[in-house]
Amino acid sequence: MTEAEFIAALRRMPLHPGARGLVDDSAVIDAGPLVVTTDTLVEGVHFLPDDPPADVAWKLVATNLSDLAAKGALVEGVLLNYPLGNSVWDRAFLDGLATVLTRFDTRLIGGDTVSKRGPRTLTLTAFGRDAPAPARDGAKAGDALWVTGTIGDAGLGLAIAQAGHGPVALRDAYRRPYPRLTEGRALGPVVHAMMDVSDGLLIDADRMARASGLSVLIDLDAVPLSVEARTFGGGDRAARLTAVTAGDDYQLLFALPPEQTPPVAATRIGLFAPGEGLSLADADGPVPLPATLGFEHAPGR
């Protein structure tokens, strides 16, 4: 697939007015203050080499929109940087891209194409508008820690995708995460701090506590697991520790005053207090922290 053919296919996508029909090297965005985020997916790191291209497109867009959700933003549009390679893969990716852009009412602003060398590396930059933009460093002592949705489905889904068998709902939680845009809009104006859970619940909760200059205690028994996750992976302490360190959940993690009820469905899982550090407990008492709290990029990973 040539660059010209790829761009012609992109012109059939939902386009931002500022994209100028993708006939220019620059776009014009006139939407007031913007929230900007960017994410890169690397083959073999963020997705498996045999993951369907349409699912990779979905994940690329969804992970960026999840960052906008954590700022309570409306989606303005996205820029795509794409490595052209196998034409069959490229066309399937374009089909998936059209699906996810339409699903989340997201318009393409522009981007860049290059020739593929080595593992596929895809980058998307997303722009949001009208955002309360709560930071992750605003939690206060006494605040409760809440999370939307369920935790650990995507971690089990990765294992299922690697093995080739298991519940489809869990596999799809890994391949096709769902950005919590509606929840983010409702939560943005009222939370003290908010971020999405991408690298693992524990490591992201620890990041929020550190940024806020506080400690945080998480009730491991309170962490919400889906019925599918409990059926497939169990619900004991070991299974819960796996869930809270797996990552790729793309739920919203947020801090609220203890007397306040969130305006969306969510689960209270912890408490911020003066001090520093992350600690865990369950019905049997304190739980030792696992050796790894979540995913961190490092050479060779």
# chains A, B, ... in the order shown; residues from 1 in each chain; ligands from 1
>>> residues_around(residues="Trp58 (chain A)", least_positions_apart="4", cutoff="6 Å", atoms="only C-alpha atoms", output="mmCIF file with all heavy atoms, in the first residue's frame")
data_model
loop_
_atom_site.group_PDB
_atom_site.id
_atom_site.type_symbol
_atom_site.label_atom_id
_atom_site.label_comp_id
_atom_site.auth_asym_id
_atom_site.auth_seq_id
_atom_site.Cartn_x
_atom_site.Cartn_y
_atom_site.Cartn_z
ATOM 1 N N ALA A 62 -7.903 4.215 21.744
ATOM 2 C CA ALA A 62 -8.531 4.148 23.065
ATOM 3 C C ALA A 62 -7.585 4.536 24.185
ATOM 4 O O ALA A 62 -7.986 5.196 25.153
ATOM 5 C CB ALA A 62 -9.081 2.743 23.308
ATOM 6 N N VAL A 100 -13.120 2.679 15.335
ATOM 7 C CA VAL A 100 -12.921 3.298 16.656
ATOM 8 C C VAL A 100 -13.130 4.806 16.597
ATOM 9 O O VAL A 100 -13.679 5.395 17.534
ATOM 10 C CB VAL A 100 -11.534 2.922 17.228
ATOM 11 C CG1 VAL A 100 -10.395 3.549 16.437
ATOM 12 C CG2 VAL A 100 -11.448 3.313 18.707
ATOM 13 N N ARG A 176 -9.159 -4.464 23.277
ATOM 14 C CA ARG A 176 -10.027 -3.326 22.974
ATOM 15 C C ARG A 176 -10.477 -2.632 24.257
ATOM 16 O O ARG A 176 -11.643 -2.730 24.657
ATOM 17 C CB ARG A 176 -11.241 -3.790 22.154
ATOM 18 C CG ARG A 176 -10.866 -4.247 20.757
ATOM 19 C CD ARG A 176 -12.075 -4.293 19.849
ATOM 20 N NE ARG A 176 -11.672 -4.501 18.467
ATOM 21 C CZ ARG A 176 -12.325 -4.019 17.407
ATOM 22 N NH1 ARG A 176 -13.412 -3.300 17.576
ATOM 23 N NH2 ARG A 176 -11.891 -4.264 16.184
#
>>> residues_around(residues="Leu101 (chain A)", least_positions_apart="6", cutoff="9 Å", atoms="only C-alpha atoms", output="PyMOL selection string")
chain A and resi 13-14+58+61+107-108
>>> residues_around(residues="Phe47 (chain A)", least_positions_apart="4", cutoff="12 Å", atoms="only C-alpha atoms", output="PyMOL selection string")
chain A and resi 40-43+51-60+119-122+154+157-159+161-162+174-176+248
>>> residues_around(residues="Glu228 (chain A)", least_positions_apart="5", cutoff="12 Å", atoms="only C-alpha atoms", output="ChimeraX atom specification")
/A:150-154,156-157,166-173,233-235
>>> residues_around(residues="Glu5 (chain A)", least_positions_apart="3", cutoff="12 Å", atoms="only C-alpha atoms", output="list in words")
Met1, Thr2, Ala8, Ala9, Leu10, Arg11, Arg12, Leu84, Ser87, Asp90, Arg91, Leu94 and Thr113 of chain A
>>> select_by_dssp(residues="region 74-234 of chain A", states="alpha helix (DSSP H)", output="JSON, numbers by chain")
{"A": [87, 88, 89, 90, 91, 92, 93, 94, 95, 96, 97, 98, 99, 100, 101, 102, 103, 153, 154, 155, 156, 157, 158, 159, 160, 161, 162, 163, 168, 169, 170, 171, 172, 173, 174, 175, 181, 182, 183, 184, 185, 186, 187, 201, 202, 203, 204, 205, 206, 207, 208, 209, 210, 211, 212, 227, 228, 229, 230, 231, 232, 233]}
>>> closest_atom_pairs(of="region 201-284 of chain A", to="region 137-145 of chain A", cutoff="7 Å", atoms="only C-alpha atoms", output="CSV")
residue,atom,partner,partner_atom,distance
A:Met208,CA,A:Asp137,CA,6.0
A:Ala211,CA,A:Asp137,CA,4.6
A:Ser212,CA,A:Asp137,CA,4.1
A:Leu214,CA,A:Ala141,CA,6.9
A:Phe254,CA,A:Leu145,CA,5.8
A:Ala255,CA,A:Leu145,CA,4.8
A:Leu256,CA,A:Asp143,CA,5.2
A:Pro257,CA,A:Asp143,CA,4.5
A:Pro258,CA,A:Ala144,CA,5.2
A:Arg268,CA,A:Leu145,CA,5.9
A:Ile269,CA,A:Leu145,CA,5.7
A:Gly270,CA,A:Leu145,CA,4.7
A:Leu271,CA,A:Ala144,CA,4.5
A:Phe272,CA,A:Ala141,CA,5.2
A:Ala273,CA,A:Ala141,CA,4.4
A:Pro274,CA,A:Ala141,CA,5.7
>>> select_by_dssp(residues="region 74-290 of chain A", states="strand (DSSP E)", output="NGL selection string")
:A and (74-84 or 108-115 or 121-129 or 144-147 or 193-196 or 215-219 or 252-256 or 267-273 or 277-282 or 285-287)
>>> residues_around(residues="region 124-136 of chain A", least_positions_apart="6", cutoff="7 Å", atoms="only C-alpha atoms", output="compact mmCIF listing (two decimals) with N, CA and C atoms, in the first residue's frame")
# COMPACT_ATOMS: atom_id res chain seq x y z
N ALA A 31 -9.82 25.85 19.03
CA ALA A 31 -10.78 25.29 19.98
C ALA A 31 -10.53 25.77 21.40
N PRO A 33 -8.32 26.63 24.89
CA PRO A 33 -7.30 25.84 25.58
C PRO A 33 -7.49 24.35 25.30
N LEU A 34 -6.40 23.66 25.03
CA LEU A 34 -6.46 22.25 24.67
C LEU A 34 -5.68 21.39 25.67
N VAL A 35 -6.16 20.19 25.89
CA VAL A 35 -5.42 19.15 26.58
C VAL A 35 -4.78 18.27 25.51
N VAL A 36 -3.49 18.00 25.64
CA VAL A 36 -2.77 17.24 24.62
C VAL A 36 -2.10 16.03 25.26
N THR A 37 -2.22 14.88 24.62
CA THR A 37 -1.57 13.67 25.11
C THR A 37 -1.08 12.86 23.92
N THR A 38 -0.08 12.04 24.13
CA THR A 38 0.41 11.18 23.06
C THR A 38 0.83 9.84 23.64
N ASP A 39 0.58 8.78 22.88
CA ASP A 39 0.97 7.43 23.27
C ASP A 39 1.53 6.70 22.06
N THR A 40 2.51 5.86 22.32
CA THR A 40 3.11 5.03 21.29
C THR A 40 2.90 3.57 21.63
N LEU A 60 -4.79 1.71 20.04
CA LEU A 60 -4.01 2.93 19.87
C LEU A 60 -4.86 4.17 20.14
N VAL A 61 -6.06 4.20 19.60
CA VAL A 61 -6.93 5.36 19.83
C VAL A 61 -7.46 5.36 21.27
N ASN A 64 -5.14 6.64 24.09
CA ASN A 64 -5.01 8.10 24.10
C ASN A 64 -6.27 8.77 24.64
N LEU A 65 -7.43 8.29 24.21
CA LEU A 65 -8.67 8.89 24.69
C LEU A 65 -8.83 8.67 26.19
N LEU A 68 -7.42 11.56 27.90
CA LEU A 68 -8.34 12.70 27.86
C LEU A 68 -9.47 12.51 28.86
N LYS A 71 -8.80 13.73 32.22
CA LYS A 71 -8.83 15.19 32.37
C LYS A 71 -10.25 15.75 32.21
N GLY A 72 -11.22 14.87 32.05
CA GLY A 72 -12.60 15.32 31.89
C GLY A 72 -12.85 16.04 30.59
N ALA A 73 -12.06 15.73 29.57
CA ALA A 73 -12.09 16.50 28.32
C ALA A 73 -13.09 15.94 27.31
N LEU A 74 -13.57 16.82 26.44
CA LEU A 74 -14.23 16.42 25.21
C LEU A 74 -13.16 16.17 24.16
N VAL A 75 -13.37 15.20 23.29
CA VAL A 75 -12.38 14.88 22.28
C VAL A 75 -12.46 15.87 21.13
N GLU A 76 -11.33 16.49 20.82
CA GLU A 76 -11.27 17.41 19.69
C GLU A 76 -10.80 16.70 18.42
N GLY A 77 -9.77 15.86 18.53
CA GLY A 77 -9.28 15.16 17.35
C GLY A 77 -7.96 14.48 17.64
N VAL A 78 -7.42 13.78 16.61
CA VAL A 78 -6.19 13.01 16.80
C VAL A 78 -5.27 13.17 15.58
N LEU A 79 -3.98 13.02 15.86
CA LEU A 79 -2.95 12.92 14.83
C LEU A 79 -2.39 11.51 14.85
N LEU A 80 -2.15 10.94 13.67
CA LEU A 80 -1.65 9.57 13.55
C LEU A 80 -0.29 9.56 12.85
N ASN A 81 0.69 8.91 13.47
CA ASN A 81 1.96 8.62 12.82
C ASN A 81 2.02 7.11 12.57
N GLY A 188 -14.56 15.06 36.40
CA GLY A 188 -13.55 16.12 36.29
C GLY A 188 -13.79 17.32 37.17
N PRO A 189 -15.02 17.86 37.24
CA PRO A 189 -15.23 19.08 38.04
C PRO A 189 -15.24 18.85 39.55
N HIS A 192 -10.55 15.68 43.50
CA HIS A 192 -9.32 16.39 43.90
C HIS A 192 -8.14 15.98 43.02
N ALA A 193 -8.15 14.73 42.56
CA ALA A 193 -7.07 14.22 41.70
C ALA A 193 -7.65 13.09 40.86
N MET A 194 -7.10 12.89 39.66
CA MET A 194 -7.59 11.80 38.80
C MET A 194 -6.53 11.44 37.79
N MET A 195 -6.47 10.15 37.45
CA MET A 195 -5.61 9.63 36.39
C MET A 195 -6.21 8.32 35.90
N MET A 208 0.01 8.59 42.29
CA MET A 208 -0.87 9.66 42.74
C MET A 208 -0.52 10.08 44.16
N ALA A 211 2.82 12.02 44.12
CA ALA A 211 2.66 13.34 43.54
C ALA A 211 1.95 14.28 44.51
>>> atom_distance(atom1="CA of Pro286 (chain A)", atom2="CA of Gly155 (chain A)")
24.1 Å
>>> atom_distance(atom1="CA of Arg20 (chain A)", atom2="CA of Ala4 (chain A)")
16.1 Å
>>> atom_distance(atom1="CA of Arg210 (chain A)", atom2="CA of Ser279 (chain A)")
12.6 Å
>>> decode(residues="region 94-235 of chain A", atoms="C-alpha atoms", output="PDB file, in the first residue's frame")
ATOM      1  CA  LEU A  94      -7.550   1.286   8.481  1.00  0.00           C
ATOM      2  CA  ASP A  95     -10.805  -0.620   8.866  1.00  0.00           C
ATOM      3  CA  GLY A  96     -10.268  -0.757  12.621  1.00  0.00           C
ATOM      4  CA  LEU A  97      -9.302   2.898  12.742  1.00  0.00           C
ATOM      5  CA  ALA A  98     -12.529   3.922  11.017  1.00  0.00           C
ATOM      6  CA  THR A  99     -14.503   1.833  13.529  1.00  0.00           C
ATOM      7  CA  VAL A 100     -12.921   3.298  16.656  1.00  0.00           C
ATOM      8  CA  LEU A 101     -12.981   6.887  15.390  1.00  0.00           C
ATOM      9  CA  THR A 102     -16.670   6.562  14.607  1.00  0.00           C
ATOM     10  CA  ARG A 103     -17.440   4.817  17.882  1.00  0.00           C
ATOM     11  CA  PHE A 104     -15.972   7.628  19.984  1.00  0.00           C
ATOM     12  CA  ASP A 105     -16.953  10.503  17.686  1.00  0.00           C
ATOM     13  CA  THR A 106     -13.296  11.307  17.093  1.00  0.00           C
ATOM     14  CA  ARG A 107     -12.032  13.219  14.071  1.00  0.00           C
ATOM     15  CA  LEU A 108      -8.683  12.821  12.354  1.00  0.00           C
ATOM     16  CA  ILE A 109      -6.620  16.010  12.182  1.00  0.00           C
ATOM     17  CA  GLY A 110      -3.592  14.707  10.290  1.00  0.00           C
ATOM     18  CA  GLY A 111      -0.334  12.894  10.912  1.00  0.00           C
ATOM     19  CA  ASP A 112       2.614  11.354   9.107  1.00  0.00           C
ATOM     20  CA  THR A 113       3.573   8.148   7.313  1.00  0.00           C
ATOM     21  CA  VAL A 114       6.941   6.413   7.120  1.00  0.00           C
ATOM     22  CA  SER A 115       8.253   3.135   5.717  1.00  0.00           C
ATOM     23  CA  LYS A 116       8.234   0.307   8.251  1.00  0.00           C
ATOM     24  CA  ARG A 117      11.622  -0.931   9.505  1.00  0.00           C
ATOM     25  CA  GLY A 118      11.661  -3.503  12.275  1.00  0.00           C
ATOM     26  CA  PRO A 119       8.755  -3.931  14.730  1.00  0.00           C
ATOM     27  CA  ARG A 120       5.677  -1.802  14.076  1.00  0.00           C
ATOM     28  CA  THR A 121       5.730   1.416  16.091  1.00  0.00           C
ATOM     29  CA  LEU A 122       2.543   3.475  16.020  1.00  0.00           C
ATOM     30  CA  THR A 123       2.006   6.873  17.612  1.00  0.00           C
ATOM     31  CA  LEU A 124      -1.185   8.815  18.145  1.00  0.00           C
ATOM     32  CA  THR A 125      -1.556  12.307  19.597  1.00  0.00           C
ATOM     33  CA  ALA A 126      -4.961  13.285  20.957  1.00  0.00           C
ATOM     34  CA  PHE A 127      -6.380  16.739  21.629  1.00  0.00           C
ATOM     35  CA  GLY A 128      -9.163  17.481  24.095  1.00  0.00           C
ATOM     36  CA  ARG A 129     -11.133  20.640  24.855  1.00  0.00           C
ATOM     37  CA  ASP A 130     -13.344  22.111  27.568  1.00  0.00           C
ATOM     38  CA  ALA A 131     -11.459  20.177  30.231  1.00  0.00           C
ATOM     39  CA  PRO A 132     -11.502  20.708  34.005  1.00  0.00           C
ATOM     40  CA  ALA A 133      -8.127  18.899  33.786  1.00  0.00           C
ATOM     41  CA  PRO A 134      -7.691  17.656  37.363  1.00  0.00           C
ATOM     42  CA  ALA A 135      -4.063  16.783  38.061  1.00  0.00           C
ATOM     43  CA  ARG A 136      -2.821  13.659  39.795  1.00  0.00           C
ATOM     44  CA  ASP A 137      -1.177  15.684  42.577  1.00  0.00           C
ATOM     45  CA  GLY A 138      -4.300  17.140  44.197  1.00  0.00           C
ATOM     46  CA  ALA A 139      -5.290  14.382  46.627  1.00  0.00           C
ATOM     47  CA  LYS A 140      -5.711  15.552  50.235  1.00  0.00           C
ATOM     48  CA  ALA A 141      -5.210  13.730  53.527  1.00  0.00           C
ATOM     49  CA  GLY A 142      -8.457  11.977  54.410  1.00  0.00           C
ATOM     50  CA  ASP A 143      -9.585  11.665  50.783  1.00  0.00           C
ATOM     51  CA  ALA A 144     -10.995   8.329  49.675  1.00  0.00           C
ATOM     52  CA  LEU A 145      -9.489   6.547  46.675  1.00  0.00           C
ATOM     53  CA  TRP A 146     -12.020   5.304  44.118  1.00  0.00           C
ATOM     54  CA  VAL A 147     -11.826   3.408  40.834  1.00  0.00           C
ATOM     55  CA  THR A 148     -14.346   2.919  38.028  1.00  0.00           C
ATOM     56  CA  GLY A 149     -15.148  -0.451  36.489  1.00  0.00           C
ATOM     57  CA  THR A 150     -13.217  -3.618  37.222  1.00  0.00           C
ATOM     58  CA  ILE A 151      -9.504  -4.341  37.529  1.00  0.00           C
ATOM     59  CA  GLY A 152      -7.418  -7.177  36.136  1.00  0.00           C
ATOM     60  CA  ASP A 153      -9.485  -8.216  33.117  1.00  0.00           C
ATOM     61  CA  ALA A 154      -6.880  -7.044  30.613  1.00  0.00           C
ATOM     62  CA  GLY A 155      -4.041  -8.816  32.413  1.00  0.00           C
ATOM     63  CA  LEU A 156      -5.921 -12.096  32.146  1.00  0.00           C
ATOM     64  CA  GLY A 157      -6.841 -11.158  28.581  1.00  0.00           C
ATOM     65  CA  LEU A 158      -3.175 -10.873  27.629  1.00  0.00           C
ATOM     66  CA  ALA A 159      -2.527 -14.386  28.945  1.00  0.00           C
ATOM     67  CA  ILE A 160      -5.534 -15.637  26.989  1.00  0.00           C
ATOM     68  CA  ALA A 161      -4.345 -13.927  23.787  1.00  0.00           C
ATOM     69  CA  GLN A 162      -0.913 -15.517  24.240  1.00  0.00           C
ATOM     70  CA  ALA A 163      -2.355 -18.975  24.943  1.00  0.00           C
ATOM     71  CA  GLY A 164      -4.991 -18.809  22.225  1.00  0.00           C
ATOM     72  CA  HIS A 165      -7.899 -19.914  24.401  1.00  0.00           C
ATOM     73  CA  GLY A 166     -10.021 -18.541  27.234  1.00  0.00           C
ATOM     74  CA  PRO A 167     -12.985 -16.212  27.743  1.00  0.00           C
ATOM     75  CA  VAL A 168     -13.391 -13.833  24.822  1.00  0.00           C
ATOM     76  CA  ALA A 169     -14.623 -11.026  27.100  1.00  0.00           C
ATOM     77  CA  LEU A 170     -11.318 -11.039  28.986  1.00  0.00           C
ATOM     78  CA  ARG A 171      -9.255 -11.248  25.801  1.00  0.00           C
ATOM     79  CA  ASP A 172     -11.126  -8.291  24.367  1.00  0.00           C
ATOM     80  CA  ALA A 173     -10.546  -6.274  27.544  1.00  0.00           C
ATOM     81  CA  TYR A 174      -6.847  -6.490  26.639  1.00  0.00           C
ATOM     82  CA  ARG A 175      -7.236  -5.917  22.908  1.00  0.00           C
ATOM     83  CA  ARG A 176     -10.027  -3.326  22.974  1.00  0.00           C
ATOM     84  CA  PRO A 177      -9.964  -1.200  26.138  1.00  0.00           C
ATOM     85  CA  TYR A 178     -12.800   1.248  26.649  1.00  0.00           C
ATOM     86  CA  PRO A 179     -11.909   4.868  27.494  1.00  0.00           C
ATOM     87  CA  ARG A 180     -14.139   6.209  30.285  1.00  0.00           C
ATOM     88  CA  LEU A 181     -14.935   9.503  28.574  1.00  0.00           C
ATOM     89  CA  THR A 182     -18.456   9.887  29.963  1.00  0.00           C
ATOM     90  CA  GLU A 183     -17.301   9.136  33.506  1.00  0.00           C
ATOM     91  CA  GLY A 184     -14.384  11.526  33.141  1.00  0.00           C
ATOM     92  CA  ARG A 185     -16.691  14.378  32.119  1.00  0.00           C
ATOM     93  CA  ALA A 186     -18.814  13.835  35.227  1.00  0.00           C
ATOM     94  CA  LEU A 187     -15.875  13.396  37.591  1.00  0.00           C
ATOM     95  CA  GLY A 188     -13.554  16.116  36.286  1.00  0.00           C
ATOM     96  CA  PRO A 189     -15.228  19.075  38.039  1.00  0.00           C
ATOM     97  CA  VAL A 190     -15.543  17.377  41.457  1.00  0.00           C
ATOM     98  CA  VAL A 191     -12.458  15.222  42.080  1.00  0.00           C
ATOM     99  CA  HIS A 192      -9.322  16.386  43.898  1.00  0.00           C
ATOM    100  CA  ALA A 193      -7.074  14.219  41.698  1.00  0.00           C
ATOM    101  CA  MET A 194      -7.585  11.802  38.804  1.00  0.00           C
ATOM    102  CA  MET A 195      -5.611   9.626  36.390  1.00  0.00           C
ATOM    103  CA  ASP A 196      -6.251   6.545  34.313  1.00  0.00           C
ATOM    104  CA  VAL A 197      -4.998   3.096  35.290  1.00  0.00           C
ATOM    105  CA  SER A 198      -2.631   2.035  32.534  1.00  0.00           C
ATOM    106  CA  ASP A 199       0.435   0.449  34.142  1.00  0.00           C
ATOM    107  CA  GLY A 200      -1.318  -1.260  37.058  1.00  0.00           C
ATOM    108  CA  LEU A 201      -3.563  -0.155  39.907  1.00  0.00           C
ATOM    109  CA  LEU A 202      -0.847  -0.298  42.565  1.00  0.00           C
ATOM    110  CA  ILE A 203       1.829   1.570  40.660  1.00  0.00           C
ATOM    111  CA  ASP A 204      -0.624   4.242  39.523  1.00  0.00           C
ATOM    112  CA  ALA A 205      -2.100   4.692  43.011  1.00  0.00           C
ATOM    113  CA  ASP A 206       1.446   5.011  44.335  1.00  0.00           C
ATOM    114  CA  ARG A 207       2.188   7.655  41.699  1.00  0.00           C
ATOM    115  CA  MET A 208      -0.868   9.660  42.740  1.00  0.00           C
ATOM    116  CA  ALA A 209       0.083   9.445  46.413  1.00  0.00           C
ATOM    117  CA  ARG A 210       3.693  10.433  45.748  1.00  0.00           C
ATOM    118  CA  ALA A 211       2.659  13.341  43.540  1.00  0.00           C
ATOM    119  CA  SER A 212       0.264  14.518  46.285  1.00  0.00           C
ATOM    120  CA  GLY A 213       2.861  14.126  49.049  1.00  0.00           C
ATOM    121  CA  LEU A 214       0.749  11.533  50.886  1.00  0.00           C
ATOM    122  CA  SER A 215       0.536   7.874  51.791  1.00  0.00           C
ATOM    123  CA  VAL A 216      -2.236   5.629  50.517  1.00  0.00           C
ATOM    124  CA  LEU A 217      -3.723   2.443  51.981  1.00  0.00           C
ATOM    125  CA  ILE A 218      -5.576   0.117  49.591  1.00  0.00           C
ATOM    126  CA  ASP A 219      -8.079  -2.501  50.728  1.00  0.00           C
ATOM    127  CA  LEU A 220      -7.241  -5.438  48.478  1.00  0.00           C
ATOM    128  CA  ASP A 221     -10.595  -7.098  49.177  1.00  0.00           C
ATOM    129  CA  ALA A 222     -12.420  -4.003  47.921  1.00  0.00           C
ATOM    130  CA  VAL A 223     -10.736  -3.946  44.499  1.00  0.00           C
ATOM    131  CA  PRO A 224     -13.518  -4.804  42.012  1.00  0.00           C
ATOM    132  CA  LEU A 225     -13.034  -7.960  39.944  1.00  0.00           C
ATOM    133  CA  SER A 226     -15.396  -8.971  37.161  1.00  0.00           C
ATOM    134  CA  VAL A 227     -17.378 -12.201  37.297  1.00  0.00           C
ATOM    135  CA  GLU A 228     -15.333 -13.442  34.329  1.00  0.00           C
ATOM    136  CA  ALA A 229     -12.068 -12.661  36.093  1.00  0.00           C
ATOM    137  CA  ARG A 230     -13.098 -14.394  39.324  1.00  0.00           C
ATOM    138  CA  THR A 231     -14.320 -17.430  37.389  1.00  0.00           C
ATOM    139  CA  PHE A 232     -11.213 -17.698  35.203  1.00  0.00           C
ATOM    140  CA  GLY A 233      -8.467 -16.435  37.523  1.00  0.00           C
ATOM    141  CA  GLY A 234      -9.920 -16.774  41.014  1.00  0.00           C
ATOM    142  CA  GLY A 235     -10.574 -14.207  43.719  1.00  0.00           C
TER     143      GLY A 235
END
